$ cat final33.txt   # compact mmCIF, C-alpha atoms
# COMPACT_ATOMS: atom_id res chain seq x y z
CA MET A 1 -110.91 53.70 -36.76
CA THR A 2 -113.64 54.51 -34.24
CA ASP A 3 -116.24 52.04 -33.08
CA LYS A 4 -119.75 53.21 -33.97
CA SER A 5 -121.52 50.26 -32.33
CA PRO A 6 -124.29 51.02 -29.83
CA ALA A 7 -122.05 49.85 -26.93
CA ALA A 8 -119.21 52.26 -27.81
CA GLY A 9 -118.51 54.74 -25.04
CA LYS A 10 -120.76 53.03 -22.51
CA PRO A 11 -119.22 52.21 -19.14
CA ILE A 12 -118.59 48.60 -18.19
CA ARG A 13 -119.56 48.22 -14.55
CA THR A 14 -118.20 44.74 -13.92
CA ALA A 15 -114.59 44.01 -13.00
CA ILE A 16 -112.38 42.16 -15.42
CA THR A 17 -111.95 38.54 -14.29
CA SER A 18 -109.86 35.47 -15.01
CA GLU A 19 -112.43 34.17 -17.53
CA ASP A 20 -109.96 34.50 -20.40
CA GLY A 21 -107.30 32.44 -18.64
CA ILE A 22 -105.41 35.52 -17.50
CA ASP A 23 -104.09 35.35 -13.95
CA PHE A 24 -105.10 38.82 -12.83
CA ALA A 25 -104.48 37.98 -9.18
CA LEU A 26 -100.74 37.44 -9.77
CA ILE A 27 -100.52 40.37 -12.17
CA GLU A 28 -102.03 42.58 -9.49
CA LEU A 29 -99.67 41.20 -6.86
CA PHE A 30 -96.74 42.12 -9.13
CA PHE A 31 -98.10 45.67 -9.46
CA PHE A 32 -98.42 46.08 -5.69
CA ALA A 33 -95.11 44.37 -4.93
CA TYR A 34 -93.28 46.56 -7.47
CA ARG A 35 -94.96 49.69 -6.11
CA ASP A 36 -93.77 48.94 -2.60
CA PHE A 37 -90.39 47.55 -3.66
CA THR A 38 -89.59 50.85 -5.38
CA SER A 39 -91.22 53.17 -2.84
CA ASP A 40 -88.30 53.42 -0.39
CA PRO A 41 -85.66 54.12 -3.06
CA ASP A 42 -88.05 56.56 -4.77
CA GLN A 43 -88.14 58.66 -1.58
CA ILE A 44 -84.34 58.69 -1.36
CA LEU A 45 -83.95 59.48 -5.07
CA ALA A 46 -86.40 62.38 -4.80
CA ASP A 47 -84.02 64.10 -2.36
CA TYR A 48 -81.44 64.17 -5.18
CA GLY A 49 -83.88 65.11 -7.93
CA PHE A 50 -83.30 61.64 -9.41
CA GLY A 51 -85.73 58.99 -10.62
CA ARG A 52 -85.87 55.26 -11.28
CA ALA A 53 -83.66 55.49 -14.37
CA HIS A 54 -80.90 56.92 -12.16
CA HIS A 55 -81.45 54.03 -9.74
CA ARG A 56 -81.08 51.42 -12.49
CA VAL A 57 -77.91 53.03 -13.84
CA LEU A 58 -76.39 53.27 -10.35
CA HIS A 59 -77.32 49.67 -9.64
CA PHE A 60 -75.67 48.21 -12.73
CA VAL A 61 -72.62 50.49 -12.69
CA ASN A 62 -72.02 49.44 -9.07
CA ARG A 63 -72.64 45.76 -9.78
CA ARG A 64 -70.48 45.78 -12.92
CA PRO A 65 -67.79 48.47 -12.64
CA GLY A 66 -66.27 49.08 -16.05
CA LEU A 67 -69.53 48.35 -17.84
CA THR A 68 -69.52 50.16 -21.17
CA VAL A 69 -72.23 52.56 -22.21
CA ALA A 70 -73.19 50.15 -25.02
CA GLU A 71 -73.50 47.25 -22.55
CA LEU A 72 -75.59 49.39 -20.20
CA LEU A 73 -77.91 50.36 -23.05
CA ASP A 74 -78.33 46.68 -23.85
CA VAL A 75 -79.14 45.78 -20.23
CA LEU A 76 -81.54 48.65 -19.60
CA LYS A 77 -83.26 48.56 -23.01
CA ILE A 78 -83.55 52.34 -23.14
CA THR A 79 -82.61 54.86 -25.82
CA LYS A 80 -79.22 56.54 -26.01
CA GLN A 81 -80.99 59.86 -25.50
CA SER A 82 -82.63 58.70 -22.26
CA LEU A 83 -79.37 57.28 -20.94
CA ALA A 84 -77.40 60.37 -21.94
CA ARG A 85 -79.58 62.65 -19.82
CA VAL A 86 -79.44 60.38 -16.76
CA LEU A 87 -75.73 59.66 -17.14
CA LYS A 88 -74.91 63.36 -17.49
CA GLN A 89 -76.69 64.06 -14.20
CA LEU A 90 -74.91 61.21 -12.42
CA ILE A 91 -71.53 62.34 -13.77
CA ASP A 92 -72.19 66.03 -13.01
CA THR A 93 -73.13 65.15 -9.41
CA ASP A 94 -70.02 62.95 -8.99
CA HIS A 95 -71.90 59.65 -8.61
CA VAL A 96 -70.38 58.06 -11.74
CA VAL A 97 -67.21 58.59 -13.75
CA GLN A 98 -66.76 57.76 -17.40
CA LEU A 99 -63.36 56.65 -18.70
CA GLN A 100 -62.06 55.81 -22.16
CA GLY A 101 -61.78 52.10 -22.84
CA PRO A 102 -58.18 50.81 -22.65
CA ARG A 103 -58.44 48.87 -25.93
CA ASP A 104 -60.95 50.95 -27.85
CA ARG A 105 -60.79 54.69 -27.24
CA ARG A 106 -64.36 55.08 -28.55
CA GLN A 107 -65.70 52.89 -25.77
CA ARG A 108 -66.73 54.60 -22.58
CA GLU A 109 -66.48 52.60 -19.39
CA LEU A 110 -68.57 53.55 -16.39
CA TYR A 111 -67.43 53.36 -12.77
CA PRO A 112 -69.08 54.42 -9.52
CA THR A 113 -67.44 56.99 -7.31
CA ALA A 114 -67.49 56.70 -3.51
CA LYS A 115 -70.54 58.96 -3.57
CA GLY A 116 -72.21 56.74 -6.19
CA ARG A 117 -71.39 53.60 -4.22
CA ALA A 118 -72.85 55.10 -1.04
CA LEU A 119 -76.08 56.07 -2.82
CA ALA A 120 -76.40 52.65 -4.49
CA LEU A 121 -76.08 50.99 -1.08
CA ALA A 122 -78.58 53.40 0.49
CA LEU A 123 -81.06 52.52 -2.26
CA ALA A 124 -80.47 48.76 -2.01
CA ARG A 125 -80.66 48.43 1.79
CA PRO A 126 -84.42 48.97 2.16
CA GLN A 127 -85.07 46.74 -0.85
CA SER A 128 -82.90 44.01 0.65
CA ARG A 129 -84.75 44.30 3.97
CA ARG A 130 -88.10 44.09 2.15
CA ILE A 131 -87.02 40.97 0.23
CA ARG A 132 -85.66 39.30 3.37
CA ALA A 133 -88.88 40.07 5.29
CA ALA A 134 -91.05 38.84 2.41
CA LEU A 135 -89.14 35.56 2.20
CA GLU A 136 -89.49 35.08 5.96
CA ASP A 137 -93.16 36.13 6.08
CA SER A 138 -94.12 33.93 3.14
CA GLY A 139 -92.37 30.89 4.54
CA ALA A 140 -90.37 30.65 1.34
CA THR A 141 -87.57 28.53 2.72
CA GLU A 142 -86.15 27.79 -0.72
CA ARG A 143 -84.61 31.02 -2.02
CA THR A 144 -83.47 29.20 -5.15
CA LEU A 145 -87.08 28.57 -6.12
CA VAL A 146 -87.83 32.30 -5.94
CA GLU A 147 -84.70 33.08 -8.00
CA ARG A 148 -85.68 30.49 -10.63
CA PHE A 149 -89.20 31.92 -10.83
CA LEU A 150 -87.97 35.49 -11.28
CA GLU A 151 -85.37 34.42 -13.82
CA ALA A 152 -88.07 32.57 -15.76
CA MET A 153 -90.00 35.87 -15.95
CA VAL A 154 -87.13 37.35 -18.01
CA ASN A 155 -87.22 36.85 -21.79
CA PRO A 156 -85.17 33.71 -22.54
CA GLU A 157 -82.83 35.50 -24.96
CA LEU A 158 -81.98 38.06 -22.25
CA ARG A 159 -81.38 35.71 -19.33
CA ALA A 160 -77.63 35.68 -19.92
CA GLN A 161 -77.61 39.27 -18.64
CA ILE A 162 -78.70 38.10 -15.19
CA ASP A 163 -76.00 35.69 -14.03
CA VAL A 164 -77.31 35.57 -10.44
CA GLY A 165 -74.53 34.47 -8.14
CA SER A 166 -71.85 34.31 -10.82
CA ALA A 167 -68.52 36.11 -10.79
CA LYS A 168 -70.05 38.68 -13.13
CA MET A 169 -72.46 39.82 -10.41
CA SER A 170 -70.57 38.85 -7.25
CA GLY A 171 -68.67 42.07 -6.87
CA LYS A 172 -65.69 41.36 -9.11
CA SER A 173 -64.83 43.99 -11.65
CA HIS A 174 -66.53 43.76 -15.00
CA GLY A 175 -64.52 41.61 -17.34
CA GLU A 176 -62.99 39.49 -14.57
CA HIS A 177 -64.38 35.94 -14.66

$ encode --input "final33.txt" --output "structure tokens"
Amino acid sequence: MTDKSPAAGKPIRTAITSEDGIDFALIELFFFAYRDFTSDPDQILADYGFGRAHHRVLHFVNRRPGLTVAELLDVLKITKQSLARVLKQLIDTDHVVQLQGPRDRRQRELYPTAKGRALALALARPQSRRIRAALEDSGATERTLVERFLEAMVNPELRAQIDVGSAKMSGKSHGEH
């Protein structure tokens, strides 16, 4: 349905503000922080012809070796078709290997290769430096407070996927707790 009111199509020349109780200042900070947080890895990924979806897959496959395709789909919240394209590229370029599950032959477990591990580390290093510098520059002496804030930003029903600091994310193989 199109709006036929006299104001339809006329430009609004005033900036949107916090009048409606929306914290645009923090929303904007998130936009800028995300832009810069992803900029270094984006440059590295471009050299491989990869994008952010490849980065996310590499991150979680390296953090949870043995993660199944179904589990990865659940974590990333993307379609099978989107994952299939990205995964095929990562497998074809020897960054990830896919193995049959030991208990269920239909399951496909994902593991990084040495090449995939090296790329994941190369992508994470500048992000880690940026986080460390931001914590120091902001005077945020309580890292736990920042972790709690970021975790609270995740939908409550999905927070179990995070497990910051647990055995699941501490470098142990997936399934070992």

$ atom_distance --input "final33.txt" --atom1 "atom CA of Lys115 of chain A" --atom2 "atom CA of Arg132 of chain A"
25.8 Å

$ residues_near_point --input "final33.txt" --point "(-90.0, 39.7, -3.2)" --cutoff "9 Å" --atoms "only C-alpha atoms" --output "number ranges by chain"
A: 33-34, 37, 127, 130-135, 146

$ write_last_selection --input "final33.txt" --atoms "C-alpha atoms" --output "PDB file, in the frame of the given file"
ATOM      1  CA  ALA A  33     -95.110  44.370  -4.930  1.00  0.00           C
ATOM      2  CA  TYR A  34     -93.280  46.560  -7.470  1.00  0.00           C
ATOM      3  CA  PHE A  37     -90.390  47.550  -3.660  1.00  0.00           C
ATOM      4  CA  GLN A 127     -85.070  46.740  -0.850  1.00  0.00           C
ATOM      5  CA  ARG A 130     -88.100  44.090   2.150  1.00  0.00           C
ATOM      6  CA  ILE A 131     -87.020  40.970   0.230  1.00  0.00           C
ATOM      7  CA  ARG A 132     -85.660  39.300   3.370  1.00  0.00           C
ATOM      8  CA  ALA A 133     -88.880  40.070   5.290  1.00  0.00           C
ATOM      9  CA  ALA A 134     -91.050  38.840   2.410  1.00  0.00           C
ATOM     10  CA  LEU A 135     -89.140  35.560   2.200  1.00  0.00           C
ATOM     11  CA  VAL A 146     -87.830  32.300  -5.940  1.00  0.00           C
TER      12      VAL A 146
END

$ residues_around --input "final33.txt" --residues "Thr113 of chain A" --least-positions-apart "2" --cutoff "7 Å" --atoms "only C-alpha atoms" --output "list in words"
Asp94, His95, Val96, Val97, Tyr111, Lys115, Gly116 and Arg117 of chain A

$ closest_residue --input "final33.txt" --among "A:Gln98, A:Gln81, A:Asn62, A:Ser39" --to "Ala118 of chain A" --atoms "all atoms listed in the file"
A:Asn62

$ atom_distance --input "final33.txt" --atom1 "atom CA of Leu58 of chain A" --atom2 "atom CA of Ala120 of chain A"
5.9 Å

$ atom_distance --input "final33.txt" --atom1 "atom CA of Gln161 of chain A" --atom2 "atom CA of Val75 of chain A"
6.9 Å

$ closest_residue --input "final33.txt" --among "A:Val154, A:Ala124, A:Leu119, A:Leu145" --to "Tyr48 of chain A" --atoms "all atoms listed in the file"
A:Leu119

$ closest_residue --input "final33.txt" --among "A:Leu110, A:Leu83, A:Ala122, A:Ala152" --to "Phe60 of chain A" --atoms "all atoms listed in the file"
A:Leu110

$ closest_residue --input "final33.txt" --among "A:His59, A:Glu109, A:Ile91, A:Ala53" --to "Ile78 of chain A" --atoms "all atoms listed in the file"
A:Ala53
